[in-house]
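One structure below.
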Amino acid sequence: MRVLIVAASPEPISGLPRDVDYIIGVDGGYETLLNHGLNPDLVVGDFDSFTGEVPIDAVRYPSEKDVTDLEIALEAARGHGATEMLVYGALGGRLDMTLSNIGLLEAYPEMRLVTAGQTVRLVGSGRYELPRQDGHYLSLIPWKQANVTIRGVKYPLDRHDVVSHEALTISNEWDDETADLIVHEGMVLVLYVKK
């Protein structure tokens, strides 16, 4: 099940996918959905970033809580059987929230964070085909440290140890239609970044 989740980042969102099975508006992300002509199936949040009229059937939470509104939405999506979560409005804005949202990828591997021309997901041990996306760089950032092989790119690596404080795997480019990533150990953030 493909779920669209829209959070309340102040960065403008130019377009949202419509080929989804379920839609969740998170706090001020509800207004973004309405502005794009989409009616959510579920609206959650403490509504501290929303100035309009909160829908009657919204699931409201107190502003003082131990989880973020996005975490609540992710759990709801998982509860509805999500196999893929496309999350918009969770990057940009406050740096602490952006870093926290990236950290959520570890608990929700079915999640993809999407913003203007960029996507990010976290992958663990295994093999991944990464299709070329014209006009984008392919960056791989180890989640602390990892051992990877990457082929089909301008700067390939073979069973190479990479660590988060080195820029070795930033701004790579495709040589083939698909890059082949093998994560032998650790976890890696996979980013498609608009040039």
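Ligands are numbered from 1 in the order shown, residues from 1 within each chain, and chains are lettered A, B, ... in the order they appear in the structure tokens.
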Run DSSP on the backbone and grab whatever in region 35-195 of chain A lands in strand (DSSP E or B); send it over as a PyMOL selection string.
-> chain A and resi 42-45+59-60+84-88+111-115+118-123+126-131+136-151+153+157-163+172+174+178-194
Near region 180-189 of chain A, within 7 Å and counting only C-alpha atoms, which residues show up once chain neighbours fewer than 3 positions away are dropped, as a compact mmCIF listing (two decimals) with C-alpha atoms, in the first residue's frame?
# COMPACT_ATOMS: atom_id res chain seq x y z
CA VAL A 120 16.31 10.42 0.62
CA ARG A 121 15.88 6.90 2.00
CA LEU A 122 17.90 4.63 4.25
CA VAL A 123 18.98 1.15 3.17
CA GLY A 124 20.65 -1.66 5.08
CA SER A 125 22.61 -4.73 4.00
CA GLY A 126 21.58 -5.92 0.56
CA ARG A 127 21.65 -5.13 -3.15
CA TYR A 128 19.81 -2.15 -4.63
CA GLU A 129 19.24 -1.01 -8.20
CA LEU A 130 19.24 2.78 -8.38
CA LEU A 140 25.46 7.82 -0.65
CA ILE A 141 26.01 8.82 2.95
CA PRO A 142 26.91 6.09 5.42
CA TRP A 143 24.75 6.03 8.51
CA GLN A 145 29.88 3.75 8.74
CA ALA A 146 29.32 1.15 6.07
CA ASN A 147 31.09 -1.10 3.59
CA VAL A 148 29.77 -0.69 0.04
CA THR A 149 30.24 -1.62 -3.58
CA ILE A 150 28.82 0.74 -6.20
CA ARG A 151 28.89 0.12 -9.94
CA GLY A 152 27.41 1.83 -12.97
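Note that the spacing between CA of Leu38 (chain A) and CA of Ile24 (chain A) amounts to 10.2 Å.
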Counting only C-alpha atoms, figure out which residue out of A:Val162, A:Asp134, A:Lys144, A:Val193 gets nearest to Thr178 (chain A).
-> A:Asp134
With a distance cut-off of 8 Å and only C-alpha atoms, select the neighbouring residues of Arg2 (chain A), excluding the residue or stretch itself and same-chain residues fewer than 2 positions from it, and output the selection as a ChimeraX atom specification.
-> /A:4,20-22,82-86
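The nearest approach to Ala8 (chain A) among the residues A:Asp176, A:Asp48, A:Glu64, A:Glu53, with only C-alpha atoms taken into account, belongs to A:Asp48.
We find CA of Arg132 (chain A) and CA of Asn172 (chain A) to be spaced 11.2 Å apart.
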List the neighbours of Leu16 (chain A) out to 12 Å using only C-alpha atoms; skip same-chain residues closer than 3 positions along the sequence, and give me the result as a list in words.
-> Val3, Leu4, Ile5, Val6, Pro12, Ile13, Asp19, Val20, Ile23, Gly29, Thr32, Leu33, Leu34, Asn35, His36, Gly37, Leu38, Leu86, Val87, Tyr88, Gly89, Val114, Thr115 and Ala116 of chain A
Okay, now the selection with N, CA, C and O atoms, as a compact mmCIF listing (two decimals), in the first residue's frame?
# COMPACT_ATOMS: atom_id res chain seq x y z
N VAL A 3 1.39 5.11 0.62
CA VAL A 3 0.78 6.16 1.43
C VAL A 3 1.53 7.47 1.22
O VAL A 3 2.75 7.52 1.28
N LEU A 4 0.77 8.54 0.98
CA LEU A 4 1.31 9.89 0.89
C LEU A 4 1.10 10.57 2.23
O LEU A 4 -0.02 10.59 2.75
N ILE A 5 2.19 11.11 2.78
CA ILE A 5 2.13 11.85 4.03
C ILE A 5 2.68 13.24 3.77
O ILE A 5 3.79 13.38 3.24
N VAL A 6 1.93 14.28 4.13
CA VAL A 6 2.39 15.65 3.92
C VAL A 6 2.47 16.34 5.27
O VAL A 6 1.47 16.48 5.97
N PRO A 12 8.07 25.49 0.05
CA PRO A 12 6.94 25.24 -0.86
C PRO A 12 7.04 23.87 -1.51
O PRO A 12 8.13 23.37 -1.78
N ILE A 13 5.89 23.27 -1.76
CA ILE A 13 5.82 21.97 -2.43
C ILE A 13 5.15 22.22 -3.78
O ILE A 13 4.02 22.69 -3.84
N ASP A 19 -0.94 8.96 -7.45
CA ASP A 19 -1.08 7.51 -7.58
C ASP A 19 -0.77 6.82 -6.25
O ASP A 19 0.15 6.04 -6.14
N VAL A 20 -1.55 7.18 -5.23
CA VAL A 20 -1.37 6.63 -3.88
C VAL A 20 -2.68 6.02 -3.42
O VAL A 20 -3.75 6.29 -3.97
N ILE A 23 -3.92 8.89 2.05
CA ILE A 23 -3.29 10.20 2.22
C ILE A 23 -3.46 10.66 3.66
O ILE A 23 -4.56 10.64 4.21
N GLY A 29 0.44 20.44 7.16
CA GLY A 29 0.46 19.73 5.88
C GLY A 29 -0.94 19.51 5.34
O GLY A 29 -1.13 19.32 4.14
N THR A 32 -1.61 22.23 2.94
CA THR A 32 -0.88 21.98 1.70
C THR A 32 -1.66 21.01 0.82
O THR A 32 -1.78 21.22 -0.39
N LEU A 33 -2.18 19.96 1.41
CA LEU A 33 -2.97 18.99 0.64
C LEU A 33 -4.19 19.67 0.01
O LEU A 33 -4.47 19.47 -1.18
N LEU A 34 -4.90 20.46 0.79
CA LEU A 34 -6.08 21.15 0.26
C LEU A 34 -5.69 22.09 -0.88
O LEU A 34 -6.39 22.16 -1.90
N ASN A 35 -4.55 22.77 -0.74
CA ASN A 35 -4.09 23.68 -1.79
C ASN A 35 -3.74 22.95 -3.08
O ASN A 35 -3.74 23.54 -4.15
N HIS A 36 -3.44 21.66 -2.97
CA HIS A 36 -3.13 20.83 -4.14
C HIS A 36 -4.36 20.05 -4.61
O HIS A 36 -4.24 19.18 -5.47
N GLY A 37 -5.50 20.34 -4.04
CA GLY A 37 -6.73 19.68 -4.46
C GLY A 37 -6.86 18.24 -3.99
O GLY A 37 -7.57 17.45 -4.61
N LEU A 38 -6.19 17.89 -2.90
CA LEU A 38 -6.24 16.53 -2.37
C LEU A 38 -6.93 16.53 -1.01
O LEU A 38 -6.62 17.36 -0.15
N LEU A 86 5.55 7.93 1.16
CA LEU A 86 6.16 9.08 0.50
C LEU A 86 5.87 10.29 1.37
O LEU A 86 4.72 10.72 1.49
N VAL A 87 6.92 10.85 1.99
CA VAL A 87 6.74 11.92 2.96
C VAL A 87 7.25 13.23 2.37
O VAL A 87 8.43 13.38 2.07
N TYR A 88 6.34 14.18 2.21
CA TYR A 88 6.66 15.53 1.74
C TYR A 88 6.54 16.50 2.91
O TYR A 88 5.80 16.26 3.85
N GLY A 89 7.27 17.61 2.83
CA GLY A 89 7.17 18.63 3.87
C GLY A 89 7.89 18.29 5.15
O GLY A 89 7.58 18.85 6.20
N VAL A 114 10.84 13.35 0.59
CA VAL A 114 10.86 14.01 -0.71
C VAL A 114 10.74 15.51 -0.52
O VAL A 114 9.92 15.99 0.26
N THR A 115 11.59 16.26 -1.23
CA THR A 115 11.51 17.71 -1.27
C THR A 115 11.90 18.16 -2.67
O THR A 115 12.25 17.32 -3.50
N ALA A 116 11.87 19.43 -2.92
CA ALA A 116 12.10 19.97 -4.26
C ALA A 116 13.33 19.34 -4.94
O ALA A 116 14.46 19.69 -4.63
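In this structure, CA of Val43 (chain A) sits 24.9 Å away from CA of Gln118 (chain A).
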Near-Thr98 (chain A) list (12 Å; only C-alpha atoms; drop same-chain fewer than 3 positions) as a PDB file with C-alpha atoms, in the first residue's frame:
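File written: result.pdb
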ATOM      1  CA  ALA A   7       3.956  17.442   6.892  1.00  0.00           C
ATOM      2  CA  ALA A   8       4.252  21.157   7.622  1.00  0.00           C
ATOM      3  CA  SER A   9       7.692  22.263   6.413  1.00  0.00           C
ATOM      4  CA  PRO A  10       7.732  25.934   5.382  1.00  0.00           C
ATOM      5  CA  GLU A  11       9.377  25.041   2.063  1.00  0.00           C
ATOM      6  CA  THR A  68       6.503  14.367  16.783  1.00  0.00           C
ATOM      7  CA  LEU A  70       5.211  12.994  11.837  1.00  0.00           C
ATOM      8  CA  TYR A  88       6.663  15.530   1.744  1.00  0.00           C
ATOM      9  CA  GLY A  89       7.168  18.628   3.868  1.00  0.00           C
ATOM     10  CA  ALA A  90       9.611  17.002   6.298  1.00  0.00           C
ATOM     11  CA  LEU A  91      12.886  18.472   5.004  1.00  0.00           C
ATOM     12  CA  GLY A  92      13.927  22.111   5.121  1.00  0.00           C
ATOM     13  CA  GLY A  93      12.763  24.517   7.751  1.00  0.00           C
ATOM     14  CA  ARG A  94      14.159  23.894  11.229  1.00  0.00           C
ATOM     15  CA  LEU A  95      17.433  21.944  11.182  1.00  0.00           C
ATOM     16  CA  ASN A 101      13.024  13.311  10.366  1.00  0.00           C
ATOM     17  CA  ILE A 102      16.071  11.835   8.617  1.00  0.00           C
ATOM     18  CA  GLY A 103      16.713   9.788  11.762  1.00  0.00           C
ATOM     19  CA  LEU A 104      13.190   8.361  11.489  1.00  0.00           C
ATOM     20  CA  LEU A 105      14.301   6.532   8.330  1.00  0.00           C
ATOM     21  CA  LEU A 113      11.587  11.770   2.286  1.00  0.00           C
ATOM     22  CA  VAL A 114      10.860  14.007  -0.706  1.00  0.00           C
ATOM     23  CA  THR A 115      11.507  17.714  -1.265  1.00  0.00           C
ATOM     24  CA  VAL A 120      16.310  10.418   0.619  1.00  0.00           C
TER      25      VAL A 120
END
